[in-house]
Amino acid sequence: MRDFIPVNRPALVLAPMQCVTDLPFMRVIAKRGGPDWFVTEFFRVHENARPDRYILRSIVENQTGLPIFAQIIGSDAAEMCRVARELHQYPIAGIDLNLGCPSPTVCGKSAGGGLLRNPAAIDCMIGALRDAIPGRFTVKTRLGYENEQEFGQLLDVFRKHAIDGLTIHARTVTDRYQTPVRPAFVQHAVATLPCPVIANGNVVNAQAGWNLLAKTKAAGLMIGRGAIRNPWIFEQIRHYGSGNSPVPTTHDLHEYIGDLYEEMARETKQFDERLHVQRMKKTMLYIVQGLGEETEQAMRRVATAADFFAICQKALEEKRDLPDVPPESSKLFCGFHELLS
């Protein structure tokens, strides 16, 4: 991963988010500056599993010009190695191991963040994957399952193996997305690991990103929810303080929503308007943060395309600069204010 990090600035990465960061979303984000590389939604690995065909399209049909890592998740080291080797038949930049997903279903299967409860199993899995993967091998983790004090033992495991990079979502699994991040733990990892470390969590705008970099000394940032709400965030971080940072308007946001709607519709084999609107709503609930409670509640209730676009038109018709950060009352963006000062 070190060879992917720009010389004169931090690396910027789009976080993998299940059912969000698929091929259409990557295309839409890339049009607005985009990250330095992508990471796929996770490939679920179990006995006799084959790589998901839809997620594979993010790799084989990626025409953005940006590299893409394939992320895998599971609990069986041998099966993980088998799938990792199979994925290397495709044009990937590397393999990323998911140790951070907080989904109760995933954790209940001792995968993703659930695996953090068993450092010995992580040790065995990373060792096996490192031997099986001929190219770049990175890991995405949280600080621990229940307590950030678990992070020291996890760092010992990461340090033991020659991983090529570590992304740290600086919360525990049980924190989910509801607390401030803990930059000091990322800074400790930066100081003690030989590989590049990427900081993740609560990057809601360019200022938060640069403040997180200052607090952690990380080699880059991974951005998830903040990039759904504001796809220009990567360009804003690149140009922060230069006077050339883009300032998106409500009209830009309207165009982004329309672009996303069309790209996602184009990928649907059997288009059903109501199902498509329901799919859009999952993404829109992040996008409308800051556009007012009325807009958010209307978007939660919408069922038809006509109503969907009427809500967007009403909220975005008047041209004005978009709010730079989500509202303090947001339930989807929590604890970010500590990174704004």
# chains A, B, ... in the order shown; residues from 1 in each chain; ligands from 1
$ select_by_dssp --residues "range 60-271 of chain A" --states "strand (DSSP E or B)" --output "ChimeraX atom specification"
/A:68-73,94-99,137-142,165-169,197-200,220-223,249
$ closest_atom_pairs --of "range 286-309 of chain A" --to "range 219-235 of chain A" --cutoff "8 Å" --atoms "only C-alpha atoms" --output "Markdown table"
| residue | atom | partner | partner_atom | distance |
| --- | --- | --- | --- | --- |
| A:Tyr286 | CA | A:Arg229 | CA | 5.3 |
| A:Ile287 | CA | A:Arg229 | CA | 4.1 |
| A:Val288 | CA | A:Arg229 | CA | 7.3 |
| A:Gln289 | CA | A:Arg229 | CA | 7.3 |
$ write_last_selection --atoms "C-alpha atoms" --output "compact mmCIF listing (two decimals), in the first residue's frame"
# COMPACT_ATOMS: atom_id res chain seq x y z
CA TYR A 286 -27.25 10.29 4.77
CA ILE A 287 -27.43 12.81 1.94
CA VAL A 288 -30.31 14.84 3.42
CA GLN A 289 -28.60 15.37 6.78
$ select_by_dssp --residues "range 105-303 of chain A" --states "alpha helix (DSSP H)" --output "ChimeraX atom specification"
/A:105-108,119-132,151-160,183-192,206-216,225-229,233-238,250-266,273-287,293-301
$ write_last_selection --atoms "C-alpha atoms" --output "tab-separated table (two decimals), in the first residue's frame"
chain	number	residue	atom	x	y	z
A	105	THR	CA	-25.41	-10.81	12.39
A	106	VAL	CA	-21.79	-10.70	11.24
A	107	CYS	CA	-20.37	-10.57	14.77
A	108	GLY	CA	-22.61	-13.46	15.78
A	119	PRO	CA	-6.91	-12.31	19.02
A	120	ALA	CA	-5.45	-15.82	18.75
A	121	ALA	CA	-7.79	-16.61	15.86
A	122	ILE	CA	-6.85	-13.31	14.20
A	123	ASP	CA	-3.19	-14.23	14.59
A	124	CYS	CA	-3.74	-17.54	12.80
A	125	MET	CA	-5.89	-16.00	10.08
A	126	ILE	CA	-3.55	-13.12	9.26
A	127	GLY	CA	-0.58	-15.46	9.22
A	128	ALA	CA	-2.32	-17.83	6.82
A	129	LEU	CA	-3.54	-15.00	4.58
A	130	ARG	CA	-0.11	-13.40	4.47
A	131	ASP	CA	1.35	-16.69	3.23
A	132	ALA	CA	-1.47	-17.14	0.70
A	151	PHE	CA	-6.11	-2.66	21.15
A	152	GLY	CA	-2.64	-3.29	22.56
A	153	GLN	CA	-2.94	-7.05	22.09
A	154	LEU	CA	-4.36	-6.56	18.61
A	155	LEU	CA	-1.43	-4.31	17.69
A	156	ASP	CA	0.97	-7.06	18.77
A	157	VAL	CA	-0.74	-9.38	16.29
A	158	PHE	CA	-0.65	-6.83	13.45
A	159	ARG	CA	3.00	-6.06	14.15
A	160	LYS	CA	3.89	-9.76	14.04
A	183	PRO	CA	-7.20	9.54	17.80
A	184	ALA	CA	-4.57	8.70	20.45
A	185	PHE	CA	-4.85	4.99	19.68
A	186	VAL	CA	-4.30	5.61	15.98
A	187	GLN	CA	-1.28	7.78	16.79
A	188	HIS	CA	0.14	4.95	18.92
A	189	ALA	CA	-0.30	2.53	16.02
A	190	VAL	CA	1.45	4.95	13.66
A	191	ALA	CA	4.39	5.16	16.06
A	192	THR	CA	4.75	1.42	16.54
A	206	ALA	CA	-12.20	18.77	5.26
A	207	GLN	CA	-11.42	20.43	8.59
A	208	ALA	CA	-12.29	17.26	10.52
A	209	GLY	CA	-10.08	15.28	8.13
A	210	TRP	CA	-7.05	17.48	8.55
A	211	ASN	CA	-7.54	17.68	12.31
A	212	LEU	CA	-7.69	13.89	12.51
A	213	LEU	CA	-4.48	13.70	10.50
A	214	ALA	CA	-2.81	16.20	12.82
A	215	LYS	CA	-3.87	14.24	15.90
A	216	THR	CA	-2.83	10.82	14.53
A	225	ARG	CA	-20.61	8.27	5.65
A	226	GLY	CA	-19.06	11.68	5.13
A	227	ALA	CA	-18.51	10.85	1.45
A	228	ILE	CA	-22.10	9.69	0.96
A	229	ARG	CA	-23.36	13.00	2.29
A	233	ILE	CA	-15.06	15.79	0.33
A	234	PHE	CA	-12.01	14.17	-1.25
A	235	GLU	CA	-11.36	17.20	-3.44
A	236	GLN	CA	-12.05	19.52	-0.50
A	237	ILE	CA	-9.40	17.74	1.57
A	238	ARG	CA	-6.90	17.78	-1.30
A	250	THR	CA	-27.83	22.75	-3.50
A	251	HIS	CA	-27.86	22.57	-7.31
A	252	ASP	CA	-24.71	20.43	-7.24
A	253	LEU	CA	-26.39	18.15	-4.72
A	254	HIS	CA	-29.49	17.90	-6.88
A	255	GLU	CA	-27.33	16.82	-9.82
A	256	TYR	CA	-25.52	14.26	-7.62
A	257	ILE	CA	-28.82	12.73	-6.51
A	258	GLY	CA	-30.11	12.52	-10.07
A	259	ASP	CA	-26.84	10.98	-11.25
A	260	LEU	CA	-26.95	8.40	-8.49
A	261	TYR	CA	-30.60	7.56	-9.22
A	262	GLU	CA	-29.86	6.99	-12.91
A	263	GLU	CA	-26.65	5.02	-12.37
A	264	MET	CA	-28.34	2.70	-9.88
A	265	ALA	CA	-31.35	2.25	-12.16
A	266	ARG	CA	-29.07	1.36	-15.05
A	273	GLU	CA	-39.86	1.95	-9.40
A	274	ARG	CA	-40.96	1.42	-5.82
A	275	LEU	CA	-38.12	-0.98	-5.03
A	276	HIS	CA	-35.67	1.43	-6.61
A	277	VAL	CA	-36.96	4.31	-4.49
A	278	GLN	CA	-36.59	2.13	-1.38
A	279	ARG	CA	-33.00	1.37	-2.39
A	280	MET	CA	-32.30	5.07	-2.92
A	281	LYS	CA	-33.73	5.95	0.49
A	282	LYS	CA	-30.95	3.99	2.25
A	283	THR	CA	-28.40	6.34	0.71
A	284	MET	CA	-30.59	9.46	0.80
A	285	LEU	CA	-30.95	9.38	4.59
A	286	TYR	CA	-27.25	10.29	4.77
A	287	ILE	CA	-27.43	12.81	1.94
A	293	GLU	CA	-36.07	17.72	9.68
A	294	GLU	CA	-39.02	18.12	7.31
A	295	THR	CA	-36.98	16.93	4.33
A	296	GLU	CA	-35.58	13.96	6.24
A	297	GLN	CA	-39.00	12.81	7.47
A	298	ALA	CA	-40.52	13.21	4.01
A	299	MET	CA	-37.71	11.11	2.53
A	300	ARG	CA	-38.34	8.37	5.08
A	301	ARG	CA	-41.99	8.15	3.96
$ residues_around --residues "Ile95 in chain A" --least-positions-apart "2" --cutoff "9 Å" --atoms "only C-alpha atoms" --output "NGL selection string"
:A and (39 or 69-72 or 84 or 87-88 or 92-93 or 97 or 133 or 135-139)
$ write_last_selection --atoms "C-alpha atoms" --output "PDB file, in the first residue's frame"
ATOM      1  CA  VAL A  39     -12.284  -0.948  -1.414  1.00  0.00           C
ATOM      2  CA  PHE A  69      -8.878  -3.547  -3.167  1.00  0.00           C
ATOM      3  CA  ALA A  70     -11.096  -6.598  -2.651  1.00  0.00           C
ATOM      4  CA  GLN A  71     -12.323  -6.907   0.935  1.00  0.00           C
ATOM      5  CA  ILE A  72     -13.083 -10.303   2.468  1.00  0.00           C
ATOM      6  CA  ALA A  84      -8.257 -14.606  -1.556  1.00  0.00           C
ATOM      7  CA  LEU A  87      -9.789 -13.026  -6.171  1.00  0.00           C
ATOM      8  CA  HIS A  88      -6.212 -12.618  -7.325  1.00  0.00           C
ATOM      9  CA  ILE A  92      -7.287  -6.011  -7.920  1.00  0.00           C
ATOM     10  CA  ALA A  93      -4.776  -3.805  -6.135  1.00  0.00           C
ATOM     11  CA  LEU A  97      -9.381  -8.190   5.655  1.00  0.00           C
ATOM     12  CA  ILE A 133      -1.607 -13.625  -0.749  1.00  0.00           C
ATOM     13  CA  GLY A 135       0.495  -9.115  -3.431  1.00  0.00           C
ATOM     14  CA  ARG A 136      -0.689  -6.336  -1.151  1.00  0.00           C
ATOM     15  CA  PHE A 137      -2.515  -7.448   1.982  1.00  0.00           C
ATOM     16  CA  THR A 138      -4.137  -4.886   4.267  1.00  0.00           C
ATOM     17  CA  VAL A 139      -6.383  -5.021   7.326  1.00  0.00           C
TER      18      VAL A 139
END
$ residues_around --residues "range 161-174 of chain A" --least-positions-apart "6" --cutoff "7 Å" --atoms "only C-alpha atoms" --output "PyMOL selection string"
chain A and resi 1+100+102+113+127+136-148+181-183+186+195-201
$ write_last_selection --atoms "N, CA and C atoms" --output "short mmCIF file (atom, residue, chain, number, x, y, z; two decimals), in the first residue's frame"
data_model
loop_
_atom_site.label_atom_id
_atom_site.label_comp_id
_atom_site.auth_asym_id
_atom_site.auth_seq_id
_atom_site.Cartn_x
_atom_site.Cartn_y
_atom_site.Cartn_z
N MET A 1 0.82 -1.21 0.00
CA MET A 1 0.00 0.00 0.00
C MET A 1 0.85 1.26 0.00
N GLY A 100 -13.76 -5.15 11.23
CA GLY A 100 -14.41 -4.00 11.84
C GLY A 100 -15.92 -3.95 11.77
N PRO A 102 -19.57 -3.98 12.53
CA PRO A 102 -20.23 -4.15 13.83
C PRO A 102 -21.61 -4.80 13.74
N GLY A 113 -16.04 -7.49 13.00
CA GLY A 113 -15.69 -7.03 14.33
C GLY A 113 -15.80 -8.10 15.38
N GLY A 127 -1.76 -14.71 9.63
CA GLY A 127 -0.58 -15.46 9.22
C GLY A 127 -0.84 -16.30 7.99
N ARG A 136 -0.39 -7.19 -2.31
CA ARG A 136 -0.69 -6.34 -1.15
C ARG A 136 -1.78 -6.96 -0.29
N PHE A 137 -1.56 -6.92 1.02
CA PHE A 137 -2.52 -7.45 1.98
C PHE A 137 -2.67 -6.44 3.11
N THR A 138 -3.88 -5.90 3.26
CA THR A 138 -4.14 -4.89 4.27
C THR A 138 -5.25 -5.36 5.20
N VAL A 139 -5.38 -4.67 6.32
CA VAL A 139 -6.38 -5.02 7.33
C VAL A 139 -7.13 -3.76 7.74
N LYS A 140 -8.45 -3.90 7.94
CA LYS A 140 -9.26 -2.83 8.51
C LYS A 140 -9.81 -3.31 9.84
N THR A 141 -9.59 -2.53 10.90
CA THR A 141 -9.95 -2.97 12.24
C THR A 141 -10.62 -1.87 13.03
N ARG A 142 -11.19 -2.25 14.17
CA ARG A 142 -11.59 -1.31 15.21
C ARG A 142 -10.64 -1.46 16.39
N LEU A 143 -10.85 -0.68 17.42
CA LEU A 143 -9.91 -0.69 18.55
C LEU A 143 -10.04 -1.93 19.42
N GLY A 144 -11.16 -2.60 19.31
CA GLY A 144 -11.42 -3.78 20.11
C GLY A 144 -12.89 -4.09 20.00
N TYR A 145 -13.34 -5.10 20.72
CA TYR A 145 -14.76 -5.42 20.66
C TYR A 145 -15.55 -4.59 21.66
N GLU A 146 -15.21 -4.68 22.93
CA GLU A 146 -15.94 -3.94 23.96
C GLU A 146 -15.13 -2.79 24.56
N ASN A 147 -13.80 -2.91 24.53
CA ASN A 147 -12.96 -1.98 25.28
C ASN A 147 -11.74 -1.62 24.45
N GLU A 148 -11.43 -0.33 24.38
CA GLU A 148 -10.26 0.09 23.61
C GLU A 148 -8.95 -0.42 24.19
N VAL A 181 -14.42 9.48 18.02
CA VAL A 181 -13.30 8.57 17.77
C VAL A 181 -12.18 8.87 18.77
N ARG A 182 -11.21 7.97 18.87
CA ARG A 182 -10.11 8.10 19.82
C ARG A 182 -8.78 8.18 19.06
N PRO A 183 -8.40 9.37 18.64
CA PRO A 183 -7.20 9.54 17.80
C PRO A 183 -5.92 9.04 18.46
N VAL A 186 -4.83 5.63 17.35
CA VAL A 186 -4.30 5.61 15.98
C VAL A 186 -2.87 6.15 15.98
N CYS A 195 4.14 -0.52 8.94
CA CYS A 195 3.34 -0.30 7.74
C CYS A 195 2.57 1.02 7.84
N PRO A 196 2.11 1.55 6.71
CA PRO A 196 1.27 2.76 6.75
C PRO A 196 -0.03 2.51 7.51
N VAL A 197 -0.49 3.54 8.22
CA VAL A 197 -1.75 3.46 8.97
C VAL A 197 -2.70 4.52 8.42
N ILE A 198 -3.94 4.09 8.15
CA ILE A 198 -4.98 4.99 7.66
C ILE A 198 -6.00 5.19 8.77
N ALA A 199 -6.38 6.44 9.02
CA ALA A 199 -7.35 6.77 10.07
C ALA A 199 -8.75 6.83 9.49
N ASN A 200 -9.72 6.30 10.23
CA ASN A 200 -11.10 6.22 9.77
C ASN A 200 -12.05 6.60 10.91
N GLY A 201 -13.10 7.33 10.57
CA GLY A 201 -14.13 7.65 11.55
C GLY A 201 -14.34 9.14 11.76
#
$ atom_distance --atom1 "CA of Tyr54 in chain A" --atom2 "CA of Ala303 in chain A"
25.5 Å
$ closest_residue --among "A:Glu317, A:Glu79, A:Asp96, A:Glu150" --to "Arg117 in chain A" --atoms "only C-alpha atoms"
A:Glu150
$ residues_around --residues "range 48-51 of chain A" --least-positions-apart "2" --cutoff "9 Å" --atoms "only C-alpha atoms" --output "list in words"
Phe43, Arg44, Val45, His46, Arg53, Tyr54, Ile55, Leu56, Glu79, Val83, Glu86 and Leu87 of chain A
$ write_last_selection --atoms "C-alpha atoms" --output "mmCIF file, in the first residue's frame"
data_model
loop_
_atom_site.group_PDB
_atom_site.id
_atom_site.type_symbol
_atom_site.label_atom_id
_atom_site.label_comp_id
_atom_site.auth_asym_id
_atom_site.auth_seq_id
_atom_site.Cartn_x
_atom_site.Cartn_y
_atom_site.Cartn_z
ATOM 1 C CA PHE A 43 -17.052 -10.705 -0.036
ATOM 2 C CA ARG A 44 -18.673 -13.086 2.465
ATOM 3 C CA VAL A 45 -16.535 -16.195 2.861
ATOM 4 C CA HIS A 46 -17.859 -19.526 4.075
ATOM 5 C CA ARG A 53 -20.823 -11.798 -8.906
ATOM 6 C CA TYR A 54 -22.313 -8.363 -8.319
ATOM 7 C CA ILE A 55 -19.398 -7.258 -6.145
ATOM 8 C CA LEU A 56 -16.986 -8.706 -8.703
ATOM 9 C CA GLU A 79 -11.651 -20.735 3.262
ATOM 10 C CA VAL A 83 -11.174 -17.064 -1.796
ATOM 11 C CA GLU A 86 -9.361 -16.793 -6.373
ATOM 12 C CA LEU A 87 -9.789 -13.026 -6.171
#
$ closest_residue --among "A:Phe308, A:Cys19, A:Arg9, A:Asn202" --to "Tyr240 in chain A" --atoms "only C-alpha atoms"
A:Arg9
$ residues_around --residues "Val13 in chain A" --least-positions-apart "3" --cutoff "6 Å" --atoms "only C-alpha atoms" --output "list in words"
Pro35, Asp36, Trp37 and Met222 of chain A
$ write_last_selection --atoms "C-alpha atoms" --output "short mmCIF file (atom, residue, chain, number, x, y, z; two decimals), in the first residue's frame"
data_model
loop_
_atom_site.label_atom_id
_atom_site.label_comp_id
_atom_site.auth_asym_id
_atom_site.auth_seq_id
_atom_site.Cartn_x
_atom_site.Cartn_y
_atom_site.Cartn_z
CA PRO A 35 -10.51 8.93 -3.61
CA ASP A 36 -7.05 7.57 -4.42
CA TRP A 37 -8.39 4.03 -4.30
CA MET A 222 -10.65 6.51 4.92
#
$ closest_residue --among "A:Asp307, A:Asp321, A:Glu61, A:Asp52" --to "Glu267 in chain A" --atoms "only C-alpha atoms"
A:Glu61
$ atom_distance --atom1 "CA of Phe42 in chain A" --atom2 "CA of Lys269 in chain A"
21.9 Å
$ atom_distance --atom1 "CA of Leu14 in chain A" --atom2 "CA of Lys217 in chain A"
19.0 Å
$ closest_residue --among "A:Ala306, A:Cys312, A:Leu291, A:Val203" --to "Leu339 in chain A" --atoms "only C-alpha atoms"
A:Val203
$ decode --residues "range 165-200 of chain A" --atoms "N, CA and C atoms" --output "mmCIF file, in the first residue's frame"
data_model
loop_
_atom_site.group_PDB
_atom_site.id
_atom_site.type_symbol
_atom_site.label_atom_id
_atom_site.label_comp_id
_atom_site.auth_asym_id
_atom_site.auth_seq_id
_atom_site.Cartn_x
_atom_site.Cartn_y
_atom_site.Cartn_z
ATOM 1 N N GLY A 165 -0.623 -2.609 5.216
ATOM 2 C CA GLY A 165 -1.297 -1.405 5.683
ATOM 3 C C GLY A 165 -2.373 -1.768 6.684
ATOM 4 N N LEU A 166 -2.682 -0.819 7.572
ATOM 5 C CA LEU A 166 -3.719 -1.022 8.572
ATOM 6 C C LEU A 166 -4.619 0.217 8.603
ATOM 7 N N THR A 167 -5.913 0.007 8.407
ATOM 8 C CA THR A 167 -6.886 1.075 8.563
ATOM 9 C C THR A 167 -7.571 0.885 9.908
ATOM 10 N N ILE A 168 -7.645 1.961 10.684
ATOM 11 C CA ILE A 168 -8.204 1.884 12.038
ATOM 12 C C ILE A 168 -9.428 2.779 12.142
ATOM 13 N N HIS A 169 -10.573 2.144 12.354
ATOM 14 C CA HIS A 169 -11.775 2.889 12.744
ATOM 15 C C HIS A 169 -11.672 3.027 14.255
ATOM 16 N N ALA A 170 -11.424 4.236 14.722
ATOM 17 C CA ALA A 170 -11.006 4.436 16.114
ATOM 18 C C ALA A 170 -12.181 4.444 17.095
ATOM 19 N N ARG A 171 -13.003 3.423 16.996
ATOM 20 C CA ARG A 171 -14.052 3.111 17.956
ATOM 21 C C ARG A 171 -14.014 1.614 18.219
ATOM 22 N N THR A 172 -14.686 1.151 19.257
ATOM 23 C CA THR A 172 -14.852 -0.285 19.467
ATOM 24 C C THR A 172 -16.078 -0.765 18.680
ATOM 25 N N VAL A 173 -16.228 -2.062 18.603
ATOM 26 C CA VAL A 173 -17.396 -2.620 17.912
ATOM 27 C C VAL A 173 -18.684 -2.213 18.614
ATOM 28 N N THR A 174 -18.691 -2.283 19.947
ATOM 29 C CA THR A 174 -19.910 -1.943 20.675
ATOM 30 C C THR A 174 -20.229 -0.451 20.631
ATOM 31 N N ASP A 175 -19.248 0.368 20.314
ATOM 32 C CA ASP A 175 -19.517 1.795 20.091
ATOM 33 C C ASP A 175 -20.366 2.011 18.841
ATOM 34 N N ARG A 176 -20.283 1.067 17.921
ATOM 35 C CA ARG A 176 -20.886 1.209 16.598
ATOM 36 C C ARG A 176 -20.460 2.539 15.975
ATOM 37 N N TYR A 177 -21.381 3.490 15.786
ATOM 38 C CA TYR A 177 -21.039 4.795 15.195
ATOM 39 C C TYR A 177 -21.507 5.937 16.100
ATOM 40 N N GLN A 178 -21.679 5.666 17.390
ATOM 41 C CA GLN A 178 -22.370 6.600 18.267
ATOM 42 C C GLN A 178 -21.460 7.457 19.145
ATOM 43 N N THR A 179 -20.163 7.263 19.106
ATOM 44 C CA THR A 179 -19.255 7.966 20.010
ATOM 45 C C THR A 179 -18.225 8.779 19.230
ATOM 46 N N PRO A 180 -17.514 9.686 19.898
ATOM 47 C CA PRO A 180 -16.338 10.295 19.258
ATOM 48 C C PRO A 180 -15.289 9.220 18.978
ATOM 49 N N VAL A 181 -14.423 9.481 18.019
ATOM 50 C CA VAL A 181 -13.301 8.571 17.770
ATOM 51 C C VAL A 181 -12.184 8.875 18.765
ATOM 52 N N ARG A 182 -11.213 7.970 18.866
ATOM 53 C CA ARG A 182 -10.108 8.099 19.824
ATOM 54 C C ARG A 182 -8.783 8.182 19.062
ATOM 55 N N PRO A 183 -8.401 9.374 18.644
ATOM 56 C CA PRO A 183 -7.204 9.538 17.804
ATOM 57 C C PRO A 183 -5.917 9.039 18.456
ATOM 58 N N ALA A 184 -5.825 9.081 19.785
ATOM 59 C CA ALA A 184 -4.571 8.699 20.448
ATOM 60 C C ALA A 184 -4.184 7.264 20.142
ATOM 61 N N PHE A 185 -5.158 6.395 19.969
ATOM 62 C CA PHE A 185 -4.854 4.995 19.679
ATOM 63 C C PHE A 185 -4.307 4.842 18.263
ATOM 64 N N VAL A 186 -4.834 5.635 17.349
ATOM 65 C CA VAL A 186 -4.297 5.613 15.978
ATOM 66 C C VAL A 186 -2.873 6.148 15.979
ATOM 67 N N GLN A 187 -2.635 7.213 16.710
ATOM 68 C CA GLN A 187 -1.284 7.778 16.795
ATOM 69 C C GLN A 187 -0.305 6.753 17.356
ATOM 70 N N HIS A 188 -0.736 5.980 18.346
ATOM 71 C CA HIS A 188 0.135 4.947 18.918
ATOM 72 C C HIS A 188 0.457 3.887 17.870
ATOM 73 N N ALA A 189 -0.535 3.513 17.075
ATOM 74 C CA ALA A 189 -0.298 2.526 16.017
ATOM 75 C C ALA A 189 0.680 3.064 14.978
ATOM 76 N N VAL A 190 0.528 4.332 14.626
ATOM 77 C CA VAL A 190 1.447 4.955 13.659
ATOM 78 C C VAL A 190 2.886 4.891 14.173
ATOM 79 N N ALA A 191 3.044 5.117 15.474
ATOM 80 C CA ALA A 191 4.393 5.158 16.060
ATOM 81 C C ALA A 191 5.022 3.781 16.214
ATOM 82 N N THR A 192 4.205 2.737 16.217
ATOM 83 C CA THR A 192 4.745 1.417 16.541
ATOM 84 C C THR A 192 4.705 0.404 15.400
ATOM 85 N N LEU A 193 3.949 0.680 14.341
ATOM 86 C CA LEU A 193 3.851 -0.278 13.242
ATOM 87 C C LEU A 193 4.769 0.124 12.091
ATOM 88 N N PRO A 194 5.342 -0.854 11.397
ATOM 89 C CA PRO A 194 6.202 -0.536 10.249
ATOM 90 C C PRO A 194 5.431 -0.201 8.980
ATOM 91 N N CYS A 195 4.137 -0.523 8.943
ATOM 92 C CA CYS A 195 3.341 -0.296 7.737
ATOM 93 C C CYS A 195 2.570 1.025 7.839
ATOM 94 N N PRO A 196 2.108 1.555 6.710
ATOM 95 C CA PRO A 196 1.274 2.763 6.754
ATOM 96 C C PRO A 196 -0.026 2.511 7.514
ATOM 97 N N VAL A 197 -0.495 3.539 8.221
ATOM 98 C CA VAL A 197 -1.746 3.464 8.969
ATOM 99 C C VAL A 197 -2.700 4.520 8.420
ATOM 100 N N ILE A 198 -3.937 4.093 8.151
ATOM 101 C CA ILE A 198 -4.983 4.987 7.658
ATOM 102 C C ILE A 198 -6.004 5.191 8.772
ATOM 103 N N ALA A 199 -6.377 6.439 9.025
ATOM 104 C CA ALA A 199 -7.347 6.771 10.073
ATOM 105 C C ALA A 199 -8.754 6.826 9.486
ATOM 106 N N ASN A 200 -9.716 6.299 10.229
ATOM 107 C CA ASN A 200 -11.102 6.225 9.766
ATOM 108 C C ASN A 200 -12.051 6.603 10.908
#
